[in-house]
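Comments concern the structure below.
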Amino acid sequence: MDYEALKKLRKWKTMVVSAHNEPWSIKVYYALHNGFIFLIEKNGKFFNNIIKDNRVSFTIDRDKPDYFIQGIGIIEILGDPKDLHEERATLLYKIPQNALFVKSGHTVMVRLIPEIIRITDMRNEPKKYNLDFNISDLNQGKKFPYLRALRPWSFQQSVTSLIFGAILATTINFYFLILSLIGLILIHGAYNALSDYFDYMYGVDKSNTMGSGGSRVLVDNILSPKKDLFYIIVLIIISAIIGLYLLILKPIIWPFIVLAIITGLLYGIPKIGWKWQALGDFAVFLAFGPGIFLGSYVLQGGTIRISEILISISLGFIIVAILHANNWRDMEDDRISNVKTVAIILGERGSMIYYIFLIWISFPLFLLAVYYNPNFFPILGSFLTIPWAIKLTKIALNKRNWNRNLLDIKTASFTALHLYFSVGFLIVYMLVIKFL
């Protein structure tokens with residue numbers, strides 16, 4: 001087996017499939033499960049074509065002509081994805097947003113069983129060859145479930161906020177920085193997993209929803225609830241030890257340690273937690289804005305003034321935007337599960353206005369911060385993200401835009417860029433000041 005090709009097949013997500021009896025193609029998200037599994041529209045044109053002739057051809061690439069995979073195979077109709085637990089779990093584990101198609105009820109799960117897989121490799125010496133494979137080779141493989149349970153893709157917001165706070169301080173103690181980074185990643189991941197654990201145990205996250213922020217380790221039975229809870233407790237204990245050690249070295253950070261404990265542990269507790277009482281936005285705002293940013297700033301010896309407070313508020317708002325985009329999409333599911341969110345209270349129009357406010361308010365707040373402390377002017381590099389803010393606003397204003405369903409993912413990218421540009425410009429500015 002060509003392991004490079006297999007690795008690409010497992011990693012890449014989309015393929016173009018063409019029917020043989022009629023010149024008609026579709027592009028789909030796929031996963032490997034004894035072949036290629038994907039969703040197609042019930043009674044759609046492609047569905048009707050494969051009923052007549054189930055032989056198809058397919059192409060998988062990354063929109064580059066230097067390396068691509070083609071083949072011929074037959075389509076097997078598996079049935080309603082809601083009834084196919086193992087196949088659905090495999091597909092949604094790789095592409096969680098496919099849950100939107102599953103939930104619609106208008107799709108059917110199919111498997112493409114390849115007869116020929118041909119590799120075209122033009123990267124160095126051009127070569128074309130047929131892949132030697134067994135059907136058993138074509139399985140996805142669900143790696144690193146314990147890492148995935150922590151939702152590591154969400155760490156960029158918290159880690160960058162912490163680094164942001166450290167850089168704005170007068171000096172950086174790298175020992176404190178490394179310890180706080182380790183503790184933050186562990187506690188952030190543990191709280192993510194704990195929230196998912198409660199959501200799963202109380203039926204908020206279901207197998208046919210995106211749920212768990214994309215981790216899906218519980219709804220897809222990749223980890224048992226018992227193992228997951230033990231893992232969470234271990235992480236919390238380790239991060240608590242790090243936090244206590246830093247508290248001993250720097251007692252002034254105690255308010256931020258208390259804030260982390262309160263917002264994290266009380267966030268997802270079923271029925272009484274902040275998430276269940278429409279206080280989830282407030283908790284995330286406190287934790288990711290004033291909590292992480294100002295805590296890191298104080299840890300490094302900084303003195304809190306109005307400019308730092310304005311920056312912390314700005315960071316809190318743009319990170320709340322991610323949560324709100326998720327809650328806005330999931331309003332109906334949350335109502336059924338008796339979860340109260342700001343999105344439910346505001347309704348459709350109010351949620352749209354609130355979202356746009358969260359996206360844009362960071363820009364004037366950063367301007368105000370620079371007004372009060374002109375030395376912070378490099379953070380205005382974040383204004384380079386205005387084109388992304390405009391795109392998100394257009395999506396939010398158009399209820400029929402399909403990207404509304406993925407607004408939380410797109411908002412997370414915007415927020416990350418916002419922070420990256422701010423931190424990046426600050427680092428360049430510090431280097432220039434130091435060496436010139």
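By order in the structure tokens, chains are A, B, ...; within a chain, residues start at 1; ligands start at 1, following the order shown.
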Original post:
Counting only C-alpha atoms, what is within 8 Å of segment 86-102 of chain A, bar same-chain residues fewer than 5 positions away, as a count of residues only?
Top reply: 23
Subject >> Contact residues around Ile237 of chain A with only C-alpha atoms at 10 Å, ignoring same-chain residues under 6 positions, as an MDAnalysis selection string >> reply: chainID A and resid 186:187 190 243
**OP:** Name the residues in contact with segment 255-266 of chain A at a cut-off of 10 Å, using only C-alpha atoms, excluding same-chain residues fewer than 3 positions from it; report them as a PyMOL selection string.
**Re:** chain A and resi 184+187-188+190-192+194-195+236+240+243-244+246-247+251-252+269-270+272-275+280+282-288+290-296+298-299
**OP:** Using DSSP on the backbone coordinates, identify the residues of segment 39-117 of chain A assigned to helix (DSSP H, G or I); present them as number ranges by chain.
**Re:** A: 45-52, 81-83, 85-94, 96-104
**OP:** Extract, using only C-alpha atoms, all DNA, RNA and protein residues at most 12 Å from segment 383-386 of chain A, discarding same-chain residues fewer than 6 positions from it, and format them as an MDAnalysis selection string.
**Re:** chainID A and resid 359:367 377 392:393 411 413:422 424:425
Selection: 12 Å around segment 113-116 of chain A, only C-alpha atoms, excl. self and same-chain fewer than 6 positions, as an mmCIF file with N, CA and C atoms, in the first residue's frame:
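Result file follows (part-v9.cif):
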data_model
loop_
_atom_site.group_PDB
_atom_site.id
_atom_site.type_symbol
_atom_site.label_atom_id
_atom_site.label_comp_id
_atom_site.auth_asym_id
_atom_site.auth_seq_id
_atom_site.Cartn_x
_atom_site.Cartn_y
_atom_site.Cartn_z
ATOM 1 N N VAL A 17 -17.522 13.264 -7.952
ATOM 2 C CA VAL A 17 -17.995 11.959 -8.435
ATOM 3 C C VAL A 17 -18.850 12.196 -9.678
ATOM 4 N N LEU A 32 -13.479 7.751 4.822
ATOM 5 C CA LEU A 32 -13.150 6.378 4.444
ATOM 6 C C LEU A 32 -13.793 5.400 5.425
ATOM 7 N N HIS A 33 -14.569 4.461 4.871
ATOM 8 C CA HIS A 33 -15.174 3.420 5.688
ATOM 9 C C HIS A 33 -15.420 2.227 4.780
ATOM 10 N N ASN A 34 -14.361 1.404 4.582
ATOM 11 C CA ASN A 34 -14.405 0.303 3.606
ATOM 12 C C ASN A 34 -14.787 0.820 2.220
ATOM 13 N N GLY A 35 -14.166 1.899 1.865
ATOM 14 C CA GLY A 35 -14.483 2.613 0.634
ATOM 15 C C GLY A 35 -14.690 4.081 0.987
ATOM 16 N N PHE A 36 -15.360 4.799 0.106
ATOM 17 C CA PHE A 36 -15.647 6.209 0.353
ATOM 18 C C PHE A 36 -17.133 6.365 0.687
ATOM 19 N N ILE A 37 -17.432 6.926 1.852
ATOM 20 C CA ILE A 37 -18.829 7.161 2.199
ATOM 21 C C ILE A 37 -19.113 8.658 2.145
ATOM 22 N N PHE A 38 -20.308 8.988 1.675
ATOM 23 C CA PHE A 38 -20.706 10.393 1.593
ATOM 24 C C PHE A 38 -22.227 10.473 1.474
ATOM 25 N N ASN A 54 -24.887 2.226 -11.498
ATOM 26 C CA ASN A 54 -24.151 2.607 -10.290
ATOM 27 C C ASN A 54 -22.639 2.667 -10.480
ATOM 28 N N ARG A 55 -22.172 2.585 -11.721
ATOM 29 C CA ARG A 55 -20.742 2.760 -11.985
ATOM 30 C C ARG A 55 -20.436 4.246 -12.111
ATOM 31 N N VAL A 56 -19.377 4.691 -11.422
ATOM 32 C CA VAL A 56 -19.009 6.102 -11.428
ATOM 33 C C VAL A 56 -17.502 6.236 -11.525
ATOM 34 N N SER A 57 -17.064 7.436 -11.829
ATOM 35 C CA SER A 57 -15.645 7.785 -11.738
ATOM 36 C C SER A 57 -15.514 8.898 -10.711
ATOM 37 N N PHE A 58 -14.316 9.067 -10.173
ATOM 38 C CA PHE A 58 -14.130 10.071 -9.132
ATOM 39 C C PHE A 58 -12.740 10.696 -9.224
ATOM 40 N N THR A 59 -12.635 11.904 -8.687
ATOM 41 C CA THR A 59 -11.366 12.627 -8.635
ATOM 42 C C THR A 59 -11.228 13.278 -7.265
ATOM 43 N N ILE A 69 -5.766 12.181 -7.365
ATOM 44 C CA ILE A 69 -6.173 10.773 -7.307
ATOM 45 C C ILE A 69 -7.467 10.616 -8.091
ATOM 46 N N GLN A 70 -7.493 9.628 -8.968
ATOM 47 C CA GLN A 70 -8.689 9.344 -9.764
ATOM 48 C C GLN A 70 -9.048 7.873 -9.634
ATOM 49 N N GLY A 71 -10.226 7.532 -10.057
ATOM 50 C CA GLY A 71 -10.595 6.125 -9.997
ATOM 51 C C GLY A 71 -11.961 5.834 -10.580
ATOM 52 N N ILE A 72 -12.266 4.562 -10.595
ATOM 53 C CA ILE A 72 -13.558 4.061 -11.071
ATOM 54 C C ILE A 72 -14.076 3.091 -10.018
ATOM 55 N N GLY A 73 -15.384 3.115 -9.798
ATOM 56 C CA GLY A 73 -15.954 2.207 -8.813
ATOM 57 C C GLY A 73 -17.454 2.112 -8.950
ATOM 58 N N ILE A 74 -18.056 1.421 -8.004
ATOM 59 C CA ILE A 74 -19.505 1.280 -7.999
ATOM 60 C C ILE A 74 -20.069 1.893 -6.723
ATOM 61 N N ILE A 75 -21.278 2.410 -6.826
ATOM 62 C CA ILE A 75 -21.952 3.048 -5.695
ATOM 63 C C ILE A 75 -22.916 2.060 -5.047
ATOM 64 N N GLU A 76 -22.812 1.956 -3.739
ATOM 65 C CA GLU A 76 -23.740 1.140 -2.952
ATOM 66 C C GLU A 76 -24.584 2.084 -2.083
ATOM 67 N N ILE A 77 -25.898 2.012 -2.219
ATOM 68 C CA ILE A 77 -26.781 2.857 -1.414
ATOM 69 C C ILE A 77 -26.943 2.218 -0.040
ATOM 70 N N LEU A 78 -26.534 2.941 0.997
ATOM 71 C CA LEU A 78 -26.576 2.395 2.356
ATOM 72 C C LEU A 78 -27.890 2.694 3.076
ATOM 73 N N TYR A 129 0.427 5.800 -11.788
ATOM 74 C CA TYR A 129 0.378 4.374 -11.471
ATOM 75 C C TYR A 129 -0.922 4.049 -10.755
ATOM 76 N N ASN A 130 -1.317 2.788 -10.874
ATOM 77 C CA ASN A 130 -2.498 2.305 -10.168
ATOM 78 C C ASN A 130 -2.113 1.924 -8.743
ATOM 79 N N LEU A 131 -2.935 2.329 -7.810
ATOM 80 C CA LEU A 131 -2.670 2.053 -6.400
ATOM 81 C C LEU A 131 -3.017 0.600 -6.090
ATOM 82 N N ASP A 132 -2.092 -0.070 -5.425
ATOM 83 C CA ASP A 132 -2.341 -1.432 -4.958
ATOM 84 C C ASP A 132 -2.990 -1.351 -3.574
ATOM 85 N N PHE A 133 -4.244 -1.769 -3.454
ATOM 86 C CA PHE A 133 -4.957 -1.574 -2.187
ATOM 87 C C PHE A 133 -5.927 -2.720 -1.930
ATOM 88 N N ASN A 134 -6.277 -2.875 -0.672
ATOM 89 C CA ASN A 134 -7.393 -3.708 -0.245
ATOM 90 C C ASN A 134 -8.475 -2.788 0.317
ATOM 91 N N ILE A 135 -9.716 -3.219 0.214
ATOM 92 C CA ILE A 135 -10.820 -2.400 0.735
ATOM 93 C C ILE A 135 -10.625 -2.116 2.226
ATOM 94 N N SER A 136 -10.051 -3.066 2.943
ATOM 95 C CA SER A 136 -9.823 -2.877 4.381
ATOM 96 C C SER A 136 -8.829 -1.750 4.668
ATOM 97 N N ASP A 137 -8.018 -1.387 3.649
ATOM 98 C CA ASP A 137 -7.088 -0.267 3.826
ATOM 99 C C ASP A 137 -7.829 1.067 3.884
ATOM 100 N N LEU A 138 -9.005 1.095 3.259
ATOM 101 C CA LEU A 138 -9.730 2.357 3.100
ATOM 102 C C LEU A 138 -10.656 2.599 4.281
ATOM 103 N N ASN A 139 -10.053 2.782 5.431
ATOM 104 C CA ASN A 139 -10.777 3.144 6.641
ATOM 105 C C ASN A 139 -10.122 4.364 7.262
#
**OP:** For Val204 of chain A, please output as a PyMOL selection string all residues within 7 Å (counting only C-alpha atoms; exclusion window: fewer than 4 positions along the same chain).
**Re:** chain A and resi 199-200+334+337
What would the file look like if the residues just selected were written as a PDB file, in the first residue's frame with N, CA and C atoms?
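Written output follows (part.pdb):
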ATOM      1  N   ASP A 199     -23.109  18.150  28.325  1.00  0.00           N
ATOM      2  CA  ASP A 199     -24.035  18.244  27.186  1.00  0.00           C
ATOM      3  C   ASP A 199     -24.443  16.861  26.688  1.00  0.00           C
ATOM      4  N   TYR A 200     -23.486  15.943  26.687  1.00  0.00           N
ATOM      5  CA  TYR A 200     -23.789  14.585  26.231  1.00  0.00           C
ATOM      6  C   TYR A 200     -24.680  13.845  27.229  1.00  0.00           C
ATOM      7  N   ASP A 334     -31.423  23.937  21.355  1.00  0.00           N
ATOM      8  CA  ASP A 334     -31.275  24.359  22.749  1.00  0.00           C
ATOM      9  C   ASP A 334     -32.631  24.500  23.440  1.00  0.00           C
ATOM     10  N   SER A 337     -33.762  21.170  24.483  1.00  0.00           N
ATOM     11  CA  SER A 337     -32.986  20.660  25.616  1.00  0.00           C
ATOM     12  C   SER A 337     -33.116  21.524  26.858  1.00  0.00           C
TER      13      SER A 337
END
Subject >> Distance query segment 316-332 of chain A at most 6 Å, only C-alpha atoms, self and fewer than 3 positions along chain excluded, as a PyMOL selection string >> reply: chain A and resi 281+285+288-289+313+335+343-344+358-359+407-408+411-412
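The smallest atom-to-atom distance between Asp80 of chain A and any of A:Ile40, A:Asn48, A:Lys227, A:Leu218, using only C-alpha atoms, is found for A:Ile40.
Proximity to Asp333 of chain A was assessed for A:Lys128, A:Lys206, A:Lys226, A:Lys7 counting only C-alpha atoms; the smallest distance is recorded for A:Lys206.
We find atom CA of Leu179 of chain A and atom CA of Val423 of chain A to be spaced 19.4 Å apart.
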Original post:
Restricting the calculation to only C-alpha atoms, which member of A:Tyr372, A:Tyr67, A:Tyr197, A:Phe47 is positioned closest to Ile306 of chain A?
Top reply: A:Tyr372
